[in-house]
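Novice: Structure incoming, see below.
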Amino acid sequence: MTDSPAGPDPAAPDPAGRDPANPDPAGAGAVAIEGLRKSFGANLVLDGIDLSVASHEVICLIGASGSGKSTLLRCINLLESIDAGRILLWGQDITQPGIDQNRVRRSVGIVFQAFNLFPHMTVLRNVTLAPVKALGASRREAEDEARALLDRFGLLEKQADYPDRLSGGQQQRVAIVRALAMRPRLMLLDEVTSALDPELVAEVLDVIRELAGSGMTMLIATHEMSFARDIANRVCFLSGGRIVEQGPPAELFTSPRDERTQRFLRRITDAGRL
Amino acid sequence: MVGPPQTSFGPARRGSRLLRSGRGAVAVSTASTIVVLGAIAALFLLAPGSAAVRHTFFNPADMWKSLIGNPRQGYYSVGEALWLNIRMFLAAEVLILIVALFIAVIRQSDSPVMFPLRIVSTVYVDVFRGVPLILVILAIGFGAPALNLSFVSTQSAAVYGVAALVLSYSAYVSEVYRAGLNSVHQSQVAAARSLGLSHPAALRYVILPQAVRNIIPPLLNDFISLQKDTALVGVLGAIEANKAAEIFSDTVFNYSSYVVAAILFLILTIPLARFTDYLIARDRRRRLAGAVA
Ligand SMILES: Nc1ncnc2c1ncn2[C@@H]1O[C@H](COP(=O)(O)OP(=O)(O)OP(=O)(O)O)[C@@H](O)[C@H]1O
Ligand SMILES: [Mg+2]
């Protein structure tokens, strides 16, 4: 279960590697974050984050509410500007001036806690909008690909529906498909199940599991500890704007070394969530 | 009314309730309309000055004369003059929609490069919302010709009128746009940008289509005002419906021409109101109907 392929595997086909200007240098990580700082006004949210993620690795970010998990993911997608540090994707510094932010965003998929589907478009249009308008794909091509993706995640019969006709779980799966339609090399998932009714969580987690199985590099912020334990190659615990502890889930969840991690996990256990 | 097959419980239940109560509701509303109109008519007809008012304001012969016009006797057709109102309205409307959108987008932008433009458009909106339209019309209508510039100073009164209407109404309509843009949740912007859509593309495909829904009703209100306010351009001497009515009453000493102008304006504005209602209803139906490709 937990031993899905970890680490870079040069022989494995990159599931979405199609950015010729940015080839994967042998051995280089998918993501390298160095000394990342970010504050909102006087509120220092990220205080020197260092993190490297290998291709095909699945990282879960855990931490108390307000610890900056969402902010970190939004920084990687360039939805937030950063105050200091660097973020490199496949060796390319995406935080330096002169970077085409839209091109970066096209290669990094992000899915939010609230589904944020476009309510005035059908499911199919939601999925094809960005491939057509941002990548310049032909409509036919984009629709064929979108249908294939929708089919893969059991959503094909919903293609003509508007989002408000779908259940929360279906909406969230469409949001994932919409991000995948851009053929991202990296997926950022921000608490994608926390707005869902408990009985709808499983179908979304299954989708993420399948993605992990297909070798997608992922950074996942989550409160679902059992899921993190099940899917992550590595778990990072955020506190006070830093990653205070990280390691394989089996280690971090059973024998956390840092006292703050211990306290956090104890509180989670007491709340019956582990 | 039979709509498309209903696929959800919500609209289906609504529909059947309407059907069941439909006939009774029509009877009740017809009856109440007759009673109210009857009361108003009685009040009007029984008033002491009723006959005089009917003669000076509602004289069918004079109404007809002013509608048709007779240049040889010194007055113009109010009906023909209305065509100028319609043209001014249409030209102003198109320009306002475009100008106001630019202003709204500039004011919404947060890029530092746009700062000077933002200041200019903020001042513009403040000024033109504050100055009475009639003053703007007079200022442009008499000011532009006085400049003695080759193109700017040689236009017709109607053109100056349209320019003034555009200046004034764009300020209002840009605020309507802005409210509409703000009504689209910030997370929709983030979702669009996160997919790598450029800012204009996000605006065009994601934000504006959602904003339009909230914009249409207040926009309609502004355009109904605009249709009426084309009458103010008469102060510059343009022979639009109100001016033609004024000339008629000055010549014939009867006010029926104003009633004709009023009726013509109603004929203009009411279809616009109904059309917008129709657009809103259609949009609602579409979204409720769900699976229509
Ligand atoms: N746009 C913003 N403006 C100002 N402050 C913000 C903004 N976004 C986040 N913050 C602040 O940054 C801190 C971290 O927020 P963030 O959403 O990253 O936490 P989180 O770990 O994702 O929490 P949760 O588990 O509740 O989702 C919080 O104190 C929050 O108030
Ligand atoms: Mg969060």
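Naming scheme: A, B, ... for chains in displayed order of the structure tokens; residues 1 onward per chain; ligands 1 onward as shown.
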Would you list, as number ranges by chain, the residues of region 45-203 of chain B that end up in alpha helix (DSSP H) under DSSP run on this structure's backbone?
Specialist: B: 45-46, 50-57, 60-68, 78-108, 115-130, 133-146, 157-183, 186-194, 199-202
Novice: Which residues sit within 6 Å of ligand 1, counting only C-alpha atoms and all ligand atoms, listed as a compact mmCIF listing (two decimals) with all heavy atoms, in the first residue's frame?
Specialist:
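The new file result33.txt reads:
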# COMPACT_ATOMS: atom_id res chain seq x y z
N PHE A 40 1.83 38.34 5.74
CA PHE A 40 0.70 39.21 5.38
C PHE A 40 0.73 40.36 6.37
O PHE A 40 0.39 40.17 7.54
CB PHE A 40 -0.61 38.45 5.48
CG PHE A 40 -0.76 37.35 4.45
CD1 PHE A 40 -0.63 36.02 4.82
CD2 PHE A 40 -1.03 37.66 3.13
CE1 PHE A 40 -0.78 35.02 3.88
CE2 PHE A 40 -1.18 36.66 2.19
CZ PHE A 40 -1.04 35.34 2.56
N VAL A 45 3.87 34.43 8.20
CA VAL A 45 3.21 33.13 8.07
C VAL A 45 4.22 32.03 7.74
O VAL A 45 4.19 30.96 8.32
CB VAL A 45 2.11 33.20 6.99
CG1 VAL A 45 1.48 31.84 6.79
CG2 VAL A 45 1.05 34.22 7.40
N ALA A 64 -1.37 22.66 12.33
CA ALA A 64 -2.58 23.26 12.88
C ALA A 64 -3.17 24.24 11.87
O ALA A 64 -2.50 24.70 10.94
CB ALA A 64 -2.25 23.99 14.18
N SER A 65 -4.42 24.57 12.09
CA SER A 65 -5.08 25.57 11.27
C SER A 65 -4.33 26.90 11.41
O SER A 65 -3.97 27.30 12.50
CB SER A 65 -6.52 25.73 11.75
OG SER A 65 -7.19 26.62 10.92
N GLY A 66 -4.04 27.52 10.30
CA GLY A 66 -3.30 28.78 10.34
C GLY A 66 -1.80 28.61 10.30
O GLY A 66 -1.06 29.59 10.38
N SER A 67 -1.33 27.39 10.17
CA SER A 67 0.12 27.17 10.19
C SER A 67 0.77 27.50 8.85
O SER A 67 1.99 27.49 8.74
CB SER A 67 0.43 25.73 10.59
OG SER A 67 -0.19 24.84 9.69
N GLY A 68 -0.04 27.78 7.83
CA GLY A 68 0.53 28.25 6.58
C GLY A 68 0.58 27.22 5.46
O GLY A 68 1.25 27.43 4.45
N LYS A 69 -0.15 26.13 5.61
CA LYS A 69 -0.14 25.10 4.56
C LYS A 69 -0.68 25.64 3.25
O LYS A 69 -0.07 25.48 2.19
CB LYS A 69 -0.99 23.88 5.02
CG LYS A 69 -0.58 23.29 6.35
CD LYS A 69 -1.44 22.10 6.74
CE LYS A 69 -2.89 22.45 7.02
NZ LYS A 69 -3.09 23.25 8.24
N SER A 70 -1.83 26.28 3.34
CA SER A 70 -2.42 26.83 2.11
C SER A 70 -1.52 27.90 1.51
O SER A 70 -1.34 27.96 0.29
CB SER A 70 -3.80 27.45 2.39
OG SER A 70 -4.65 26.49 2.95
N THR A 71 -0.97 28.74 2.36
CA THR A 71 -0.10 29.80 1.87
C THR A 71 1.09 29.22 1.12
O THR A 71 1.45 29.71 0.05
CB THR A 71 0.36 30.67 3.05
OG1 THR A 71 -0.78 31.14 3.76
CG2 THR A 71 1.17 31.86 2.57
Novice: Region 218-233 of chain A: which residues within 6 Å, counting only C-alpha atoms, same-chain residues fewer than 3 positions away excluded, as a PyMOL selection string?
Specialist: chain A and resi 2+58-62+186-191+248-249+274
Novice: Let me make sure I understand: among A:Lys133, A:His56, A:Arg74, A:Arg263, which one has the smallest atom-to-atom distance to ligand 2 if we use only C-alpha atoms and all ligand atoms?
Specialist: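 Among A:Lys133, A:His56, A:Arg74, A:Arg263, it is A:Arg74 that comes nearest to ligand 2.
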Novice: May I have the residues within 7 Å of region 102-118 of chain A as an NGL selection string, using only C-alpha atoms and disregarding those fewer than 3 positions away in the same chain?
Specialist: (:A and (77 or 121 or 126 or 163 or 171-172 or 175-176 or 179-180 or 182-195)) or (:B and (187-188 or 191 or 194-198 or 206))
Novice: Figure out the distance between CA of Glu246 (chain B) and CA of Met63 (chain B), please, to one decimal in Å.
Specialist: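 Taking CA of Met63 (chain B) as the start and CA of Glu246 (chain B) as the end point, the length is 12.8 Å.
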Novice: Would you mind listing what lies within 10 Å of Gly169 (chain A) as a PDB file with N, CA, C and O atoms, in the first residue's frame, with only C-alpha atoms counted and same-chain residues fewer than 4 positions away left out?
Specialist:
ATOM      1  N   PHE A 115     -14.455  24.089  -4.139  1.00  0.00           N
ATOM      2  CA  PHE A 115     -14.154  23.490  -5.446  1.00  0.00           C
ATOM      3  C   PHE A 115     -13.822  24.542  -6.488  1.00  0.00           C
ATOM      4  O   PHE A 115     -13.049  24.320  -7.388  1.00  0.00           O
ATOM      5  N   ARG A 173     -14.026  16.212  -7.690  1.00  0.00           N
ATOM      6  CA  ARG A 173     -13.340  15.377  -8.685  1.00  0.00           C
ATOM      7  C   ARG A 173     -13.241  16.110 -10.020  1.00  0.00           C
ATOM      8  O   ARG A 173     -12.230  16.003 -10.723  1.00  0.00           O
ATOM      9  N   VAL A 174     -14.273  16.875 -10.370  1.00  0.00           N
ATOM     10  CA  VAL A 174     -14.191  17.667 -11.600  1.00  0.00           C
ATOM     11  C   VAL A 174     -13.066  18.693 -11.480  1.00  0.00           C
ATOM     12  O   VAL A 174     -12.307  18.920 -12.431  1.00  0.00           O
ATOM     13  N   ALA A 175     -12.957  19.288 -10.288  1.00  0.00           N
ATOM     14  CA  ALA A 175     -11.886  20.284 -10.097  1.00  0.00           C
ATOM     15  C   ALA A 175     -10.521  19.632 -10.297  1.00  0.00           C
ATOM     16  O   ALA A 175      -9.619  20.232 -10.885  1.00  0.00           O
ATOM     17  N   VAL A 192      -8.521  19.093  -0.004  1.00  0.00           N
ATOM     18  CA  VAL A 192      -9.574  18.928  -0.989  1.00  0.00           C
ATOM     19  C   VAL A 192     -10.773  18.159  -0.454  1.00  0.00           C
ATOM     20  O   VAL A 192     -11.813  18.125  -1.105  1.00  0.00           O
ATOM     21  N   THR A 193     -10.650  17.554   0.712  1.00  0.00           N
ATOM     22  CA  THR A 193     -11.799  16.804   1.221  1.00  0.00           C
ATOM     23  C   THR A 193     -12.456  17.465   2.423  1.00  0.00           C
ATOM     24  O   THR A 193     -13.490  17.002   2.896  1.00  0.00           O
ATOM     25  N   ALA A 195     -14.162  20.099   2.875  1.00  0.00           N
ATOM     26  CA  ALA A 195     -15.485  20.704   2.749  1.00  0.00           C
ATOM     27  C   ALA A 195     -16.547  19.653   2.418  1.00  0.00           C
ATOM     28  O   ALA A 195     -17.691  19.990   2.175  1.00  0.00           O
ATOM     29  N   LEU A 196     -16.157  18.392   2.401  1.00  0.00           N
ATOM     30  CA  LEU A 196     -17.068  17.351   1.930  1.00  0.00           C
ATOM     31  C   LEU A 196     -17.738  16.612   3.087  1.00  0.00           C
ATOM     32  O   LEU A 196     -17.160  16.473   4.169  1.00  0.00           O
ATOM     33  N   ASP A 197     -18.962  16.144   2.838  1.00  0.00           N
ATOM     34  CA  ASP A 197     -19.610  15.254   3.800  1.00  0.00           C
ATOM     35  C   ASP A 197     -18.769  13.985   3.899  1.00  0.00           C
ATOM     36  O   ASP A 197     -18.187  13.547   2.903  1.00  0.00           O
ATOM     37  N   PRO A 198     -18.727  13.398   5.096  1.00  0.00           N
ATOM     38  CA  PRO A 198     -17.847  12.237   5.310  1.00  0.00           C
ATOM     39  C   PRO A 198     -18.030  11.139   4.262  1.00  0.00           C
ATOM     40  O   PRO A 198     -17.049  10.560   3.795  1.00  0.00           O
ATOM     41  N   GLU A 199     -19.277  10.898   3.837  1.00  0.00           N
ATOM     42  CA  GLU A 199     -19.476   9.777   2.911  1.00  0.00           C
ATOM     43  C   GLU A 199     -18.967  10.102   1.506  1.00  0.00           C
ATOM     44  O   GLU A 199     -18.908   9.226   0.658  1.00  0.00           O
ATOM     45  N   LEU A 200     -18.613  11.367   1.256  1.00  0.00           N
ATOM     46  CA  LEU A 200     -18.125  11.732  -0.069  1.00  0.00           C
ATOM     47  C   LEU A 200     -16.592  11.805  -0.118  1.00  0.00           C
ATOM     48  O   LEU A 200     -16.005  11.958  -1.178  1.00  0.00           O
ATOM     49  N   VAL A 201     -15.983  11.701   1.060  1.00  0.00           N
ATOM     50  CA  VAL A 201     -14.530  11.865   1.123  1.00  0.00           C
ATOM     51  C   VAL A 201     -13.829  10.746   0.356  1.00  0.00           C
ATOM     52  O   VAL A 201     -12.895  10.978  -0.414  1.00  0.00           O
ATOM     53  N   ALA A 202     -14.335   9.516   0.529  1.00  0.00           N
ATOM     54  CA  ALA A 202     -13.633   8.354  -0.010  1.00  0.00           C
ATOM     55  C   ALA A 202     -13.438   8.456  -1.518  1.00  0.00           C
ATOM     56  O   ALA A 202     -12.352   8.177  -2.034  1.00  0.00           O
ATOM     57  N   GLU A 203     -14.486   8.887  -2.240  1.00  0.00           N
ATOM     58  CA  GLU A 203     -14.381   8.895  -3.705  1.00  0.00           C
ATOM     59  C   GLU A 203     -13.295   9.860  -4.169  1.00  0.00           C
ATOM     60  O   GLU A 203     -12.630   9.616  -5.171  1.00  0.00           O
ATOM     61  N   VAL A 204     -13.119  10.956  -3.414  1.00  0.00           N
ATOM     62  CA  VAL A 204     -12.086  11.908  -3.795  1.00  0.00           C
ATOM     63  C   VAL A 204     -10.704  11.366  -3.444  1.00  0.00           C
ATOM     64  O   VAL A 204      -9.755  11.483  -4.228  1.00  0.00           O
ATOM     65  N   LEU A 205     -10.610  10.757  -2.278  1.00  0.00           N
ATOM     66  CA  LEU A 205      -9.320  10.177  -1.893  1.00  0.00           C
ATOM     67  C   LEU A 205      -8.910   9.076  -2.868  1.00  0.00           C
ATOM     68  O   LEU A 205      -7.725   8.928  -3.185  1.00  0.00           O
TER      69      LEU A 205
END
Novice: If I take CA of Gln155 (chain B) and CA of Val99 (chain B), how far is one from the other in Å, to one decimal?
Specialist: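 Distance reported for this atom pair: 20.6 Å.
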